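Report on one structure; see the data block that follows.
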Amino acid sequence: MNIWLFVVIQAIISVMITFALFIVILTQDIATGMNFLYAFLIGQVLSVPAAWLVYKRMNIKK
């Protein structure tokens, strides 16, 4: 298992989820510092299983 490839996939998915949550926060007028922190944490947590599924789906053979 190439851990660096998994880390890169997780980072990309995390940025996408966090950016989407930031857009929701800004359009709903709930822009406080804690809400941005929560959005960042939610993006980190939700991106791990998604990145794992993407990584397993790539089916990389050595």
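Residues are named by chain letter and number: chains run A, B, ... in the order of the structure tokens, numbers start at 1 in each chain, and ligands are numbered from 1 in the order shown.
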Got a sec: who's within 8 Å of Ser47 of chain A, counting only C-alpha atoms, leaving out chain neighbours fewer than 3 positions off, as a ChimeraX atom specification? /A:10-11,13-14,17,43-44,50-51
Write the selection just made, keeping N, CA and C atoms, as a PDB file, in the first residue's frame?
ATOM      1  N   GLN A  10      -6.814  11.718  -0.174  1.00  0.00           N
ATOM      2  CA  GLN A  10      -7.572  12.206   0.982  1.00  0.00           C
ATOM      3  C   GLN A  10      -7.533  13.724   1.047  1.00  0.00           C
ATOM      4  N   ALA A  11      -6.391  14.319   0.752  1.00  0.00           N
ATOM      5  CA  ALA A  11      -6.279  15.784   0.790  1.00  0.00           C
ATOM      6  C   ALA A  11      -7.152  16.431  -0.279  1.00  0.00           C
ATOM      7  N   ILE A  13      -9.917  15.198  -1.723  1.00  0.00           N
ATOM      8  CA  ILE A  13     -11.325  15.029  -1.357  1.00  0.00           C
ATOM      9  C   ILE A  13     -11.679  15.943  -0.185  1.00  0.00           C
ATOM     10  N   SER A  14     -10.768  16.089   0.772  1.00  0.00           N
ATOM     11  CA  SER A  14     -11.001  16.966   1.914  1.00  0.00           C
ATOM     12  C   SER A  14     -11.194  18.410   1.473  1.00  0.00           C
ATOM     13  N   ILE A  17     -14.738  18.738  -0.119  1.00  0.00           N
ATOM     14  CA  ILE A  17     -15.820  18.734   0.870  1.00  0.00           C
ATOM     15  C   ILE A  17     -15.816  20.035   1.675  1.00  0.00           C
ATOM     16  N   GLY A  43     -14.927  18.088   6.904  1.00  0.00           N
ATOM     17  CA  GLY A  43     -14.266  17.747   5.645  1.00  0.00           C
ATOM     18  C   GLY A  43     -13.149  16.745   5.839  1.00  0.00           C
ATOM     19  N   GLN A  44     -12.383  16.886   6.919  1.00  0.00           N
ATOM     20  CA  GLN A  44     -11.306  15.941   7.202  1.00  0.00           C
ATOM     21  C   GLN A  44     -11.862  14.550   7.509  1.00  0.00           C
ATOM     22  N   ALA A  50     -14.002   8.120   2.073  1.00  0.00           N
ATOM     23  CA  ALA A  50     -14.126   8.328   0.629  1.00  0.00           C
ATOM     24  C   ALA A  50     -12.783   8.100  -0.064  1.00  0.00           C
ATOM     25  N   ALA A  51     -11.714   8.588   0.535  1.00  0.00           N
ATOM     26  CA  ALA A  51     -10.385   8.385  -0.046  1.00  0.00           C
ATOM     27  C   ALA A  51     -10.008   6.909  -0.022  1.00  0.00           C
TER      28      ALA A  51
END
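A straight line drawn from atom CA of Met16 of chain A to atom CA of Leu53 of chain A is 15.9 Å long.
The protein and nucleic acid residues lying at most 8 Å from Tyr55 of chain A are A:Leu5, A:Phe6, A:Ile9, A:Ala51, A:Asn59, with only C-alpha atoms considered and sequence neighbours fewer than 4 positions away removed.
Relative to atom CA of Trp52 of chain A, atom CA of Phe36 of chain A is found at 24.7 Å.
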DSSP on the backbone: what in chain A comes out helix (DSSP H, G or I), as a PyMOL selection string? chain A and resi 3-27+33-58
With C-alpha atoms kept, could you save the residues just selected as a tab-separated table (two decimals), in the first residue's frame?
chain	number	residue	atom	x	y	z
A	3	ILE	CA	0.48	5.55	1.83
A	4	TRP	CA	1.48	8.78	0.06
A	5	LEU	CA	-0.98	8.18	-2.76
A	6	PHE	CA	-3.73	7.65	-0.18
A	7	VAL	CA	-2.72	10.89	1.60
A	8	VAL	CA	-2.88	12.87	-1.66
A	9	ILE	CA	-6.31	11.45	-2.54
A	10	GLN	CA	-7.57	12.21	0.98
A	11	ALA	CA	-6.28	15.78	0.79
A	12	ILE	CA	-7.99	16.43	-2.55
A	13	ILE	CA	-11.32	15.03	-1.36
A	14	SER	CA	-11.00	16.97	1.91
A	15	VAL	CA	-10.52	20.23	0.03
A	16	MET	CA	-13.58	19.53	-2.12
A	17	ILE	CA	-15.82	18.73	0.87
A	18	THR	CA	-14.53	21.68	2.91
A	19	PHE	CA	-14.97	24.10	-0.02
A	20	ALA	CA	-18.55	22.90	-0.52
A	21	LEU	CA	-19.29	23.40	3.17
A	22	PHE	CA	-17.74	26.89	3.06
A	23	ILE	CA	-20.06	27.78	0.16
A	24	VAL	CA	-23.06	26.58	2.18
A	25	ILE	CA	-21.90	28.57	5.23
A	26	LEU	CA	-21.44	31.75	3.21
A	27	THR	CA	-24.74	31.49	1.34
A	33	GLY	CA	-15.25	31.23	13.14
A	34	MET	CA	-16.50	28.07	14.84
A	35	ASN	CA	-18.65	27.14	11.84
A	36	PHE	CA	-15.59	27.33	9.58
A	37	LEU	CA	-13.66	25.18	12.04
A	38	TYR	CA	-16.49	22.65	12.13
A	39	ALA	CA	-16.62	22.63	8.31
A	40	PHE	CA	-12.88	21.95	8.18
A	41	LEU	CA	-13.15	19.11	10.71
A	42	ILE	CA	-16.17	17.58	8.94
A	43	GLY	CA	-14.27	17.75	5.65
A	44	GLN	CA	-11.31	15.94	7.20
A	45	VAL	CA	-13.42	13.19	8.77
A	46	LEU	CA	-15.66	12.56	5.75
A	47	SER	CA	-12.76	12.46	3.32
A	48	VAL	CA	-11.03	9.49	4.96
A	49	PRO	CA	-13.56	6.76	4.04
A	50	ALA	CA	-14.13	8.33	0.63
A	51	ALA	CA	-10.39	8.38	-0.05
A	52	TRP	CA	-10.10	4.77	1.10
A	53	LEU	CA	-12.81	3.71	-1.36
A	54	VAL	CA	-11.16	5.64	-4.20
A	55	TYR	CA	-7.78	4.16	-3.33
A	56	LYS	CA	-9.13	0.61	-3.26
A	57	ARG	CA	-11.03	1.21	-6.51
A	58	MET	CA	-7.81	2.25	-8.29
